[in-house]
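Structure data (mmCIF, C-alpha atoms (C1' of nucleotides)) from work_13.cif:
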```cif
data_input
#
loop_
_atom_site.label_atom_id
_atom_site.label_comp_id
_atom_site.auth_asym_id
_atom_site.auth_seq_id
_atom_site.Cartn_x
_atom_site.Cartn_y
_atom_site.Cartn_z
CA MET Q 13 3.01 -5.51 6.95
CA THR Q 14 3.72 -8.90 5.41
CA VAL Q 15 0.68 -9.85 3.42
CA PHE Q 16 -0.06 -12.46 0.85
CA PHE Q 17 -3.08 -11.26 -1.07
CA SER Q 18 -4.34 -7.72 -1.49
CA LYS Q 19 -7.54 -6.78 0.33
CA LYS Q 20 -9.31 -6.79 -3.02
CA CYS Q 21 -8.23 -10.34 -3.60
CA GLU Q 22 -9.15 -11.51 -0.11
CA TYR Q 23 -12.61 -10.02 -0.48
CA GLY Q 24 -12.99 -11.47 -3.95
CA LEU Q 25 -12.08 -14.92 -2.69
CA GLN Q 26 -14.51 -14.61 0.20
CA ALA Q 27 -17.31 -13.48 -2.08
CA VAL Q 28 -16.80 -16.26 -4.60
CA LEU Q 29 -16.59 -18.88 -1.85
CA PHE Q 30 -19.78 -17.43 -0.40
CA MET Q 31 -21.61 -17.65 -3.69
CA ALA Q 32 -20.36 -21.16 -4.26
CA ALA Q 33 -21.50 -22.22 -0.80
CA THR Q 34 -24.95 -20.71 -0.85
CA GLU Q 35 -25.26 -21.98 -4.39
CA SER Q 36 -28.43 -20.15 -5.25
CA ASP Q 37 -29.49 -20.49 -8.86
CA CYS Q 38 -30.79 -16.98 -8.58
CA VAL Q 39 -28.53 -13.96 -8.35
CA CYS Q 40 -27.18 -12.46 -5.16
CA PRO Q 41 -27.06 -8.68 -4.76
CA ALA Q 42 -23.79 -7.05 -3.74
CA GLU Q 43 -25.47 -5.68 -0.65
CA GLU Q 44 -26.21 -9.14 0.68
CA ILE Q 45 -22.60 -10.22 0.20
CA SER Q 46 -21.51 -7.01 1.86
CA ASN Q 47 -23.72 -7.69 4.87
CA LYS Q 48 -22.88 -11.35 5.26
CA LEU Q 49 -19.14 -10.88 4.94
CA ASN Q 50 -18.74 -7.45 6.52
CA ILE Q 51 -17.19 -5.96 3.41
CA PRO Q 52 -17.91 -2.34 2.44
CA LYS Q 53 -20.72 -2.48 -0.10
CA GLU Q 54 -19.23 -0.13 -2.68
CA PHE Q 55 -15.91 -1.90 -2.48
CA ILE Q 56 -17.23 -5.42 -2.99
CA SER Q 57 -19.41 -4.06 -5.80
CA LYS Q 58 -16.33 -2.87 -7.63
CA ILE Q 59 -14.59 -6.17 -7.06
CA LEU Q 60 -17.58 -8.11 -8.36
CA GLN Q 61 -17.69 -5.84 -11.39
CA SER Q 62 -14.10 -6.69 -12.18
CA LEU Q 63 -14.78 -10.38 -11.66
CA THR Q 64 -17.62 -10.00 -14.13
CA GLU Q 65 -15.19 -8.66 -16.70
CA SER Q 66 -12.90 -11.60 -15.96
CA GLY Q 67 -15.76 -13.96 -16.67
CA ILE Q 68 -15.78 -15.53 -13.23
CA VAL Q 69 -19.14 -14.13 -12.22
CA GLU Q 70 -22.14 -12.92 -14.20
CA SER Q 71 -24.22 -9.91 -13.30
CA LYS Q 72 -27.86 -9.22 -13.76
CA LYS Q 73 -28.86 -5.57 -13.84
CA GLY Q 74 -32.02 -3.92 -12.65
CA LYS Q 75 -34.38 -4.76 -9.83
CA SER Q 76 -33.83 -8.16 -8.21
CA GLY Q 77 -30.52 -8.25 -10.00
CA GLY Q 78 -27.17 -9.24 -8.55
CA PHE Q 79 -24.29 -11.59 -9.15
CA LYS Q 80 -23.86 -15.31 -9.65
CA LEU Q 81 -21.00 -17.55 -10.60
CA SER Q 82 -20.69 -17.93 -14.32
CA LYS Q 83 -19.59 -21.54 -13.96
CA HIS Q 84 -20.43 -24.36 -11.60
CA PRO Q 85 -18.23 -24.32 -8.45
CA SER Q 86 -16.75 -27.62 -9.57
CA LYS Q 87 -15.16 -25.72 -12.45
CA ILE Q 88 -13.63 -22.91 -10.41
CA LYS Q 89 -10.39 -22.90 -8.44
CA LEU Q 90 -9.11 -20.35 -5.93
CA ILE Q 91 -6.18 -19.58 -8.19
CA ASP Q 92 -8.62 -18.37 -10.86
CA ILE Q 93 -9.78 -15.57 -8.59
CA VAL Q 94 -6.23 -14.76 -7.48
CA ASN Q 95 -5.16 -14.63 -11.10
CA ALA Q 96 -8.04 -12.34 -12.01
CA ILE Q 97 -7.41 -9.87 -9.20
CA ASP Q 98 -3.78 -9.93 -8.06
CA GLY Q 99 -2.23 -11.75 -10.98
CA LEU Q 100 0.32 -14.52 -10.71
CA ASP Q 101 3.53 -12.49 -10.83
CA SER Q 102 4.35 -13.11 -7.19
CA PHE Q 103 4.55 -16.83 -7.85
CA ASN Q 104 7.55 -16.07 -9.94
CA SER Q 105 9.33 -13.32 -8.06
CA CYS Q 106 11.99 -13.06 -5.41
CA LEU Q 107 11.08 -13.34 -1.73
CA LEU Q 108 13.88 -10.95 -0.83
CA GLY Q 109 13.19 -8.50 -3.63
CA PHE Q 110 16.42 -9.16 -5.51
CA PRO Q 111 16.31 -8.42 -9.22
CA GLU Q 112 16.29 -11.27 -11.73
CA CYS Q 113 16.02 -14.05 -9.21
CA SER Q 114 16.23 -17.24 -11.24
CA PRO Q 115 17.88 -20.67 -11.20
CA ASP Q 116 20.76 -18.98 -13.01
CA LYS Q 117 21.03 -16.06 -10.63
CA PRO Q 118 19.45 -17.37 -7.46
CA CYS Q 119 19.00 -15.38 -4.29
CA PRO Q 120 20.13 -16.99 -1.04
CA VAL Q 121 16.72 -18.59 -0.45
CA HIS Q 122 15.72 -19.13 -4.06
CA GLU Q 123 15.44 -22.90 -3.87
CA LYS Q 124 13.69 -23.14 -0.53
CA TRP Q 125 11.21 -20.40 -1.18
CA GLY Q 126 10.55 -21.81 -4.63
CA VAL Q 127 9.42 -25.06 -3.08
CA LEU Q 128 7.02 -23.36 -0.69
CA ARG Q 129 5.70 -21.05 -3.36
CA THR Q 130 4.98 -24.02 -5.56
CA LYS Q 131 3.14 -25.74 -2.74
CA ALA Q 132 1.10 -22.59 -2.22
CA TYR Q 133 0.27 -22.51 -5.90
CA GLU Q 134 -0.72 -26.16 -5.80
CA MET Q 135 -2.91 -25.54 -2.79
CA LEU Q 136 -4.76 -22.85 -4.68
CA SER Q 137 -5.05 -24.77 -7.93
CA SER Q 138 -5.57 -28.40 -7.00
CA GLU Q 139 -9.03 -28.25 -5.51
CA THR Q 140 -12.16 -26.78 -7.01
CA ILE Q 141 -14.25 -24.57 -4.77
CA ASP Q 142 -17.21 -26.91 -4.54
CA LYS Q 143 -15.01 -28.80 -2.07
CA PHE Q 144 -15.08 -25.84 0.29
CA LYS Q 145 -18.85 -25.57 0.53
CA GLU Q 146 -19.26 -27.06 3.98
CA LYS Q 147 -16.31 -25.28 5.56
CA THR Q 148 -17.38 -21.99 4.04
CA LEU Q 149 -20.90 -22.31 5.41
CA LYS Q 150 -19.57 -23.05 8.88
CA LYS Q 151 -17.24 -20.10 8.76
CA ILE Q 152 -19.87 -17.70 7.48
CA ASN Q 153 -22.33 -18.67 10.20
CA ASN Q 154 -19.65 -17.71 12.68
CA ILE Q 155 -19.17 -14.19 11.38
CA MET I 2 -0.31 -7.38 -5.87
CA THR I 3 0.31 -10.49 -3.79
CA VAL I 4 3.43 -9.91 -1.79
CA PHE I 5 5.05 -11.52 1.18
CA PHE I 6 7.25 -8.87 2.70
CA SER I 7 7.01 -5.10 2.52
CA LYS I 8 9.61 -3.28 0.44
CA LYS I 9 11.18 -2.05 3.66
CA CYS I 10 11.56 -5.59 4.86
CA GLU I 11 12.96 -6.86 1.56
CA TYR I 12 15.55 -4.09 1.57
CA GLY I 13 16.35 -4.69 5.22
CA LEU I 14 16.91 -8.37 4.57
CA GLN I 15 19.12 -7.61 1.58
CA ALA I 16 21.17 -5.12 3.57
CA VAL I 17 21.72 -7.44 6.50
CA LEU I 18 22.64 -10.33 4.22
CA PHE I 19 25.04 -8.02 2.44
CA MET I 20 26.73 -6.97 5.66
CA ALA I 21 26.93 -10.55 6.83
CA ALA I 22 28.50 -11.62 3.56
CA THR I 23 31.09 -8.90 3.24
CA GLU I 24 31.75 -9.36 6.94
CA SER I 25 33.92 -6.35 7.39
CA ASP I 26 34.92 -5.64 10.96
CA CYS I 27 34.75 -1.98 10.07
CA VAL I 28 31.49 -0.17 9.46
CA CYS I 29 29.76 0.16 6.11
CA PRO I 30 28.22 3.49 5.10
CA ALA I 31 24.59 3.50 3.94
CA GLU I 32 25.70 4.91 0.61
CA GLU I 33 27.77 1.82 -0.15
CA ILE I 34 24.87 -0.48 0.62
CA SER I 35 22.65 1.73 -1.50
CA ASN I 36 25.05 1.48 -4.43
CA LYS I 37 25.73 -2.23 -4.20
CA LEU I 38 22.09 -3.22 -3.84
CA ASN I 39 20.43 -0.52 -5.94
CA ILE I 40 18.32 0.74 -3.08
CA PRO I 41 17.55 4.46 -2.75
CA LYS I 42 20.08 5.85 -0.30
CA GLU I 43 17.72 7.82 1.91
CA PHE I 44 15.37 4.86 2.10
CA ILE I 45 17.94 2.30 3.14
CA SER I 46 19.31 4.83 5.61
CA LYS I 47 15.94 5.01 7.34
CA ILE I 48 15.67 1.24 7.37
CA LEU I 49 19.13 0.86 8.86
CA GLN I 50 18.26 3.46 11.47
CA SER I 51 15.24 1.42 12.51
CA LEU I 52 17.33 -1.75 12.58
CA THR I 53 19.71 0.10 14.85
CA GLU I 54 16.86 0.80 17.25
CA SER I 55 15.93 -2.87 17.08
CA GLY I 56 19.46 -3.77 18.05
CA ILE I 57 20.20 -5.75 14.92
CA VAL I 58 22.80 -3.36 13.61
CA GLU I 59 25.00 -0.77 15.24
CA SER I 60 25.79 2.61 13.82
CA LYS I 61 28.83 4.74 14.05
CA LYS I 62 28.35 8.44 13.51
CA GLY I 63 30.68 11.00 12.01
CA LYS I 64 33.25 10.74 9.28
CA SER I 65 34.12 7.18 8.23
CA GLY I 66 31.04 6.07 10.11
CA GLY I 67 28.42 3.63 8.93
CA PHE I 68 26.65 0.46 9.99
CA LYS I 69 27.69 -3.00 11.09
CA LEU I 70 25.88 -5.99 12.49
CA SER I 71 25.64 -5.87 16.25
CA LYS I 72 26.04 -9.63 16.49
CA HIS I 73 27.98 -12.24 14.58
CA PRO I 74 26.06 -13.55 11.55
CA SER I 75 25.95 -16.96 13.25
CA LYS I 76 23.65 -15.38 15.83
CA ILE I 77 21.20 -13.76 13.40
CA LYS I 78 18.29 -15.34 11.57
CA LEU I 79 16.21 -13.96 8.73
CA ILE I 80 13.13 -14.01 10.94
CA ASP I 81 14.81 -11.52 13.29
CA ILE I 82 14.86 -8.90 10.57
CA VAL I 83 11.32 -9.74 9.47
CA ASN I 84 10.14 -9.44 13.04
CA ALA I 85 11.89 -6.10 13.49
CA ILE I 86 10.44 -4.57 10.33
CA ASP I 87 7.16 -6.21 9.34
CA GLY I 88 6.35 -8.00 12.55
CA LEU I 89 5.06 -11.54 12.79
CA ASP I 90 1.32 -10.93 12.69
CA SER I 91 0.95 -12.40 9.22
CA PHE I 92 2.17 -15.73 10.50
CA ASN I 93 -0.95 -15.87 12.54
CA SER I 94 -3.59 -14.35 10.31
CA CYS I 95 -6.06 -15.61 7.75
CA LEU I 96 -5.00 -16.10 4.14
CA LEU I 97 -8.49 -15.18 2.97
CA GLY I 98 -8.90 -12.23 5.30
CA PHE I 99 -11.68 -13.81 7.37
CA PRO I 100 -11.99 -12.48 10.91
CA GLU I 101 -10.94 -14.63 13.84
CA CYS I 102 -9.53 -17.47 11.80
CA SER I 103 -8.53 -20.11 14.33
CA PRO I 104 -8.70 -23.86 14.87
CA ASP I 105 -12.08 -23.17 16.48
CA LYS I 106 -13.39 -21.03 13.67
CA PRO I 107 -11.30 -22.09 10.71
CA CYS I 108 -11.57 -20.63 7.25
CA PRO I 109 -11.85 -23.06 4.34
CA VAL I 110 -8.08 -23.27 3.91
CA HIS I 111 -7.06 -22.77 7.52
CA GLU I 112 -5.36 -26.12 7.93
CA LYS I 113 -3.52 -26.20 4.62
CA TRP I 114 -2.33 -22.64 4.74
CA GLY I 115 -1.29 -23.12 8.35
CA VAL I 116 1.06 -25.87 7.32
CA LEU I 117 2.69 -23.78 4.61
CA ARG I 118 2.93 -20.73 6.82
CA THR I 119 4.68 -22.81 9.46
CA LYS I 120 7.12 -24.11 6.89
CA ALA I 121 7.82 -20.55 5.80
CA TYR I 122 8.42 -19.55 9.38
CA GLU I 123 10.75 -22.50 9.85
CA MET I 124 12.62 -21.58 6.72
CA LEU I 125 13.22 -18.10 8.08
CA SER I 126 14.14 -19.20 11.56
CA SER I 127 16.05 -22.44 11.20
CA GLU I 128 19.22 -21.18 9.59
CA THR I 129 21.47 -18.39 10.72
CA ILE I 130 22.60 -15.93 8.11
CA ASP I 131 26.24 -16.95 8.15
CA LYS I 132 25.04 -19.91 6.10
CA PHE I 133 24.04 -17.57 3.29
CA LYS I 134 27.40 -15.91 2.87
CA GLU I 135 28.48 -17.66 -0.29
CA LYS I 136 25.13 -17.45 -2.03
CA THR I 137 24.76 -13.81 -1.11
CA LEU I 138 28.17 -12.95 -2.53
CA LYS I 139 27.37 -14.70 -5.79
CA LYS I 140 24.06 -12.92 -6.07
CA ILE I 141 25.51 -9.51 -5.28
CA ASN I 142 28.22 -9.87 -7.88
CA ASN I 143 25.47 -10.45 -10.40
CA ILE I 144 23.60 -7.21 -9.66
"C1'" DT Y 18 -46.49 3.12 -16.65
"C1'" DT Y 19 -44.14 4.31 -12.79
"C1'" DT Y 20 -41.58 3.15 -8.84
"C1'" DT Y 21 -37.93 0.69 -7.13
"C1'" DA Y 22 -33.76 -1.87 -6.54
"C1'" DA Y 23 -30.11 -3.27 -8.61
"C1'" DT Y 24 -25.49 -2.87 -11.66
"C1'" DC Y 25 -22.17 0.22 -13.77
"C1'" DA Y 26 -18.84 3.98 -14.78
"C1'" DG Y 27 -16.00 7.26 -13.29
"C1'" DA Y 28 -14.53 10.65 -10.21
"C1'" DC Y 29 -13.19 11.45 -5.59
"C1'" DA Y 30 -11.28 10.90 -0.75
"C1'" DA Y 31 -8.63 8.61 2.78
"C1'" DT Y 32 -5.13 5.72 4.23
"C1'" DT Y 33 -0.91 3.33 3.95
"C1'" DT Y 34 3.47 2.59 2.01
"C1'" DA Y 35 7.47 4.20 -0.43
"C1'" DA Y 36 10.68 7.60 -1.19
"C1'" DT Y 37 12.81 12.25 -0.71
"C1'" DC Y 38 14.31 16.49 1.38
"C1'" DT Y 39 16.20 19.63 4.86
"C1'" DG Y 40 18.81 20.69 8.45
"C1'" DG Y 41 21.06 19.22 12.55
"C1'" DT Y 42 24.52 16.51 15.08
"C1'" DT Y 43 28.62 13.76 15.49
"C1'" DA Y 44 33.26 12.38 15.05
"C1'" DT Y 45 37.19 11.55 11.96
"C1'" DG Y 46 41.13 13.09 9.61
"C1'" DT Y 47 43.73 16.84 7.66
"C1'" DA X 9 40.75 24.07 14.64
"C1'" DC X 10 38.08 22.98 10.86
"C1'" DA X 11 36.39 20.86 6.79
"C1'" DT X 12 34.34 16.73 5.68
"C1'" DA X 13 31.59 12.66 5.70
"C1'" DA X 14 28.81 10.17 7.93
"C1'" DC X 15 24.31 9.24 10.94
"C1'" DC X 16 19.92 11.11 12.71
"C1'" DA X 17 15.26 13.26 13.20
"C1'" DG X 18 11.39 15.03 11.40
"C1'" DA X 19 8.78 16.98 7.72
"C1'" DT X 20 7.35 16.46 3.23
"C1'" DT X 21 6.13 14.41 -1.18
"C1'" DA X 22 4.75 10.64 -4.27
"C1'" DA X 23 2.53 6.52 -5.35
"C1'" DA X 24 -0.33 2.72 -4.48
"C1'" DT X 25 -4.07 0.74 -2.17
"C1'" DT X 26 -8.42 1.02 -0.03
"C1'" DG X 27 -12.73 2.91 0.34
"C1'" DT X 28 -16.68 6.33 -0.89
"C1'" DC X 29 -19.76 9.14 -3.59
"C1'" DT X 30 -22.66 10.62 -7.51
"C1'" DG X 31 -25.32 9.91 -11.15
"C1'" DA X 32 -26.62 7.11 -15.09
"C1'" DT X 33 -28.62 2.99 -16.76
"C1'" DT X 34 -31.21 -1.18 -16.46
"C1'" DA X 35 -35.05 -4.22 -15.70
"C1'" DA X 36 -38.30 -6.31 -12.53
"C1'" DA X 37 -42.37 -5.55 -9.84
"C1'" DA X 38 -46.19 -2.86 -8.26
#
```
Let me see whether you can do it: turn the structure in this file into structure tokens.
Amino acid sequence: MTVFFSKKCEYGLQAVLFMAATESDCVCPAEEISNKLNIPKEFISKILQSLTESGIVESKKGKSGGFKLSKHPSKIKLIDIVNAIDGLDSFNSCLLGFPECSPDKPCPVHEKWGVLRTKAYEMLSSETIDKFKEKTLKKINNI
Amino acid sequence: MTVFFSKKCEYGLQAVLFMAATESDCVCPAEEISNKLNIPKEFISKILQSLTESGIVESKKGKSGGFKLSKHPSKIKLIDIVNAIDGLDSFNSCLLGFPECSPDKPCPVHEKWGVLRTKAYEMLSSETIDKFKEKTLKKINNI
DNA sequence: TTTTAATCAGACAATTTAATCTGGTTATGT
DNA sequence: ACATAACCAGATTAAATTGTCTGATTAAAA
């Protein structure tokens, strides 16, 4: 195995980046996101529903409905989506699975992993997703 | 969720670190490891069996049997256990779950995540586990 | 006003991972 | 020799994650 985010979270991140990149004022139906990103439609629908509850996206029901970001991409960070879907617990838990891993009771790699984990957190929280627009578009056109 | 290693891998790492730290020439029964590390006995048994197949530990059957490292701790690195249990695929796959994430077709965070992933790999492969003896003992005495 | 295309809610199914059980085999120590 | 304490192999169960289905509701468009 060895995974960082859950599939749900990966898909959620992809979908939000997609919406930020295509930046349509109008709403985008789940089916379109499903097609563009090769994510099962029903699955991404559920994920978008949960992101609606979290206040990251807004939904419009009925014909020509769909989803759109509830804030401008310059106000959204990757960590927001991670937090909404997977939560942030892993940024405070032991790499080796030891109980109560802390500065007091450190595991053998506590310090070193802590540094990397912090850098990962910073990576996900320093930039807003408007910065990823170009790279996202390039990537999506390649799928 | 958000996890780095599977539970199997976490437990495997703990067990190997434990054996390296207590460094008994004689073998250590699965039940002892289970007790000391609070890992279900049958589960850690299976994991140790698979590590035996991988050649990381050796087993001795019959009464007063058990497991011991097949090499000196100064010849074993954390990445060896990770490789044996979870494999190394994740060190070469996309953080966001995009298909074919590569320098050619990078995802929006390809570069940055690549750097961190490499550092994580280095962390797991630079030091041999004899270096963790002291820290492991301290941690274990706290469980 | 009716059709249509969408979200939504909740149950359901499939897959993967985690953990347990059962019985067999092995070798030590009495 | 034989009881005992360990590994071993394979089946089974349990739990979590991933993915699907059904039907209801909503609202735009014909």
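Residues matching the PyMOL selection byres ((chain Y and resi 29) around 12) in this structure come to DG27, DA28, DA30 and DA31 of chain Y; DG27, DT28, DC29 and DT30 of chain X.
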Checklist entry - Residues at most 12 Å from X:DC15, counting only C-alpha atoms (C1' of nucleotides), excluding those fewer than 6 positions away in the same chain, as a list in words? => result Val28, Cys29, Pro30, Ala31, Glu32, Glu43, Ser46, Lys47, Leu49, Gln50, Thr53, Glu59, Ser60, Lys61, Lys62, Gly63, Lys64, Ser65, Gly66, Gly67 and Phe68 of chain I; DG41, DT42, DT43 and DA44 of chain Y
Next on the checklist: For X:DA22, find every residue with an atom within 12 Å (counting only C-alpha atoms (C1' of nucleotides)), except residues of its own chain fewer than 5 positions away, and show them as a list in words.
Outcome noted: DT34, DA35, DA36 and DT37 of chain Y
Those residues you just picked out, can you put them in a file as a PDB file, in the frame of the given file with C-alpha atoms (C1' of nucleotides)?
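The result, stored in result13.pdb:
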```
ATOM      1  C1'  DT Y  34       3.470   2.590   2.010  1.00  0.00           C
ATOM      2  C1'  DA Y  35       7.470   4.200  -0.430  1.00  0.00           C
ATOM      3  C1'  DA Y  36      10.680   7.600  -1.190  1.00  0.00           C
ATOM      4  C1'  DT Y  37      12.810  12.250  -0.710  1.00  0.00           C
TER       5       DT Y  37
END
```
Closest atom pairs, chain Q residues within 6 Å of chain I, all atoms listed in the file, as JSON lines:
```
{"residue": "Q:Met13", "atom": "CA", "partner": "I:Asp87", "partner_atom": "CA", "distance": 4.8}
{"residue": "Q:Thr14", "atom": "CA", "partner": "I:Phe6", "partner_atom": "CA", "distance": 4.5}
{"residue": "Q:Val15", "atom": "CA", "partner": "I:Phe5", "partner_atom": "CA", "distance": 5.2}
{"residue": "Q:Phe16", "atom": "CA", "partner": "I:Thr3", "partner_atom": "CA", "distance": 5.1}
{"residue": "Q:Phe17", "atom": "CA", "partner": "I:Thr3", "partner_atom": "CA", "distance": 4.4}
{"residue": "Q:Ser18", "atom": "CA", "partner": "I:Thr3", "partner_atom": "CA", "distance": 5.9}
{"residue": "Q:Glu22", "atom": "CA", "partner": "I:Leu97", "partner_atom": "CA", "distance": 4.8}
{"residue": "Q:Asp98", "atom": "CA", "partner": "I:Met2", "partner_atom": "CA", "distance": 4.8}
{"residue": "Q:Ser102", "atom": "CA", "partner": "I:Thr3", "partner_atom": "CA", "distance": 5.9}
{"residue": "Q:Leu108", "atom": "CA", "partner": "I:Glu11", "partner_atom": "CA", "distance": 4.8}
{"residue": "Q:Gly109", "atom": "CA", "partner": "I:Glu11", "partner_atom": "CA", "distance": 5.4}
{"residue": "Q:Cys119", "atom": "CA", "partner": "I:Lys140", "partner_atom": "CA", "distance": 5.9}
{"residue": "Q:Pro120", "atom": "CA", "partner": "I:Lys136", "partner_atom": "CA", "distance": 5.1}
{"residue": "Q:Phe144", "atom": "CA", "partner": "I:Pro109", "partner_atom": "CA", "distance": 5.9}
{"residue": "Q:Lys147", "atom": "CA", "partner": "I:Pro109", "partner_atom": "CA", "distance": 5.1}
{"residue": "Q:Thr148", "atom": "CA", "partner": "I:Pro109", "partner_atom": "CA", "distance": 5.6}
{"residue": "Q:Lys151", "atom": "CA", "partner": "I:Cys108", "partner_atom": "CA", "distance": 5.9}
```
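Distance check against chain Q using only C-alpha atoms (C1' of nucleotides): of Y:DT47, Y:DT24, Y:DT39, Y:DT32, the minimum falls on Y:DT24.
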Next on the checklist: Quick check: residues of chain Y within 9 Å of chain Q, all atoms listed in the file, returned as a ChimeraX atom specification.
Outcome noted: /Y:21-25
Next on the checklist: Report, in Å with one decimal, the straight-line distance from atom C1' of Y:DC38 to atom CA of I:Lys37.
Outcome noted: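 Computing it gives 22.6 Å between the two atoms.
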Checklist entry - On this structure, which residues satisfy the PyMOL selection byres ((chain X) within 7 of (chain Q)), written as number ranges by chain? => result X: 27, 34-36
Item to check | Separation of atom CA of I:Leu79 from atom CA of I:Gly115 in Å | outcome: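 Result for atom CA of I:Gly115 versus atom CA of I:Leu79: 19.8 Å, one decimal.
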Checklist entry - Which distance in Å separates atom CA of Q:Thr130 and atom CA of Q:Gly67, to one decimal? => result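 For atom CA of Q:Thr130 relative to atom CA of Q:Gly67, the distance reads 25.6 Å.
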Find the axis-aligned box for stretch 38-42 of chain Y, covering all its listed atoms and adding 3 Å on each side, and write its centre and edge lengths in Å to one decimal as AutoDock Vina command-line options.
```
--center_x 19.4 --center_y 18.6 --center_z 8.2 --size_x 16.2 --size_y 10.2 --size_z 19.7
```
Next on the checklist: Set the distance at 9 Å and use all atoms listed in the file: which residues neighbour Y:DT33 once local chain neighbours fewer than 5 positions away are removed? I'd like the list as a list in words.
Outcome noted: DA24, DT25 and DT26 of chain X
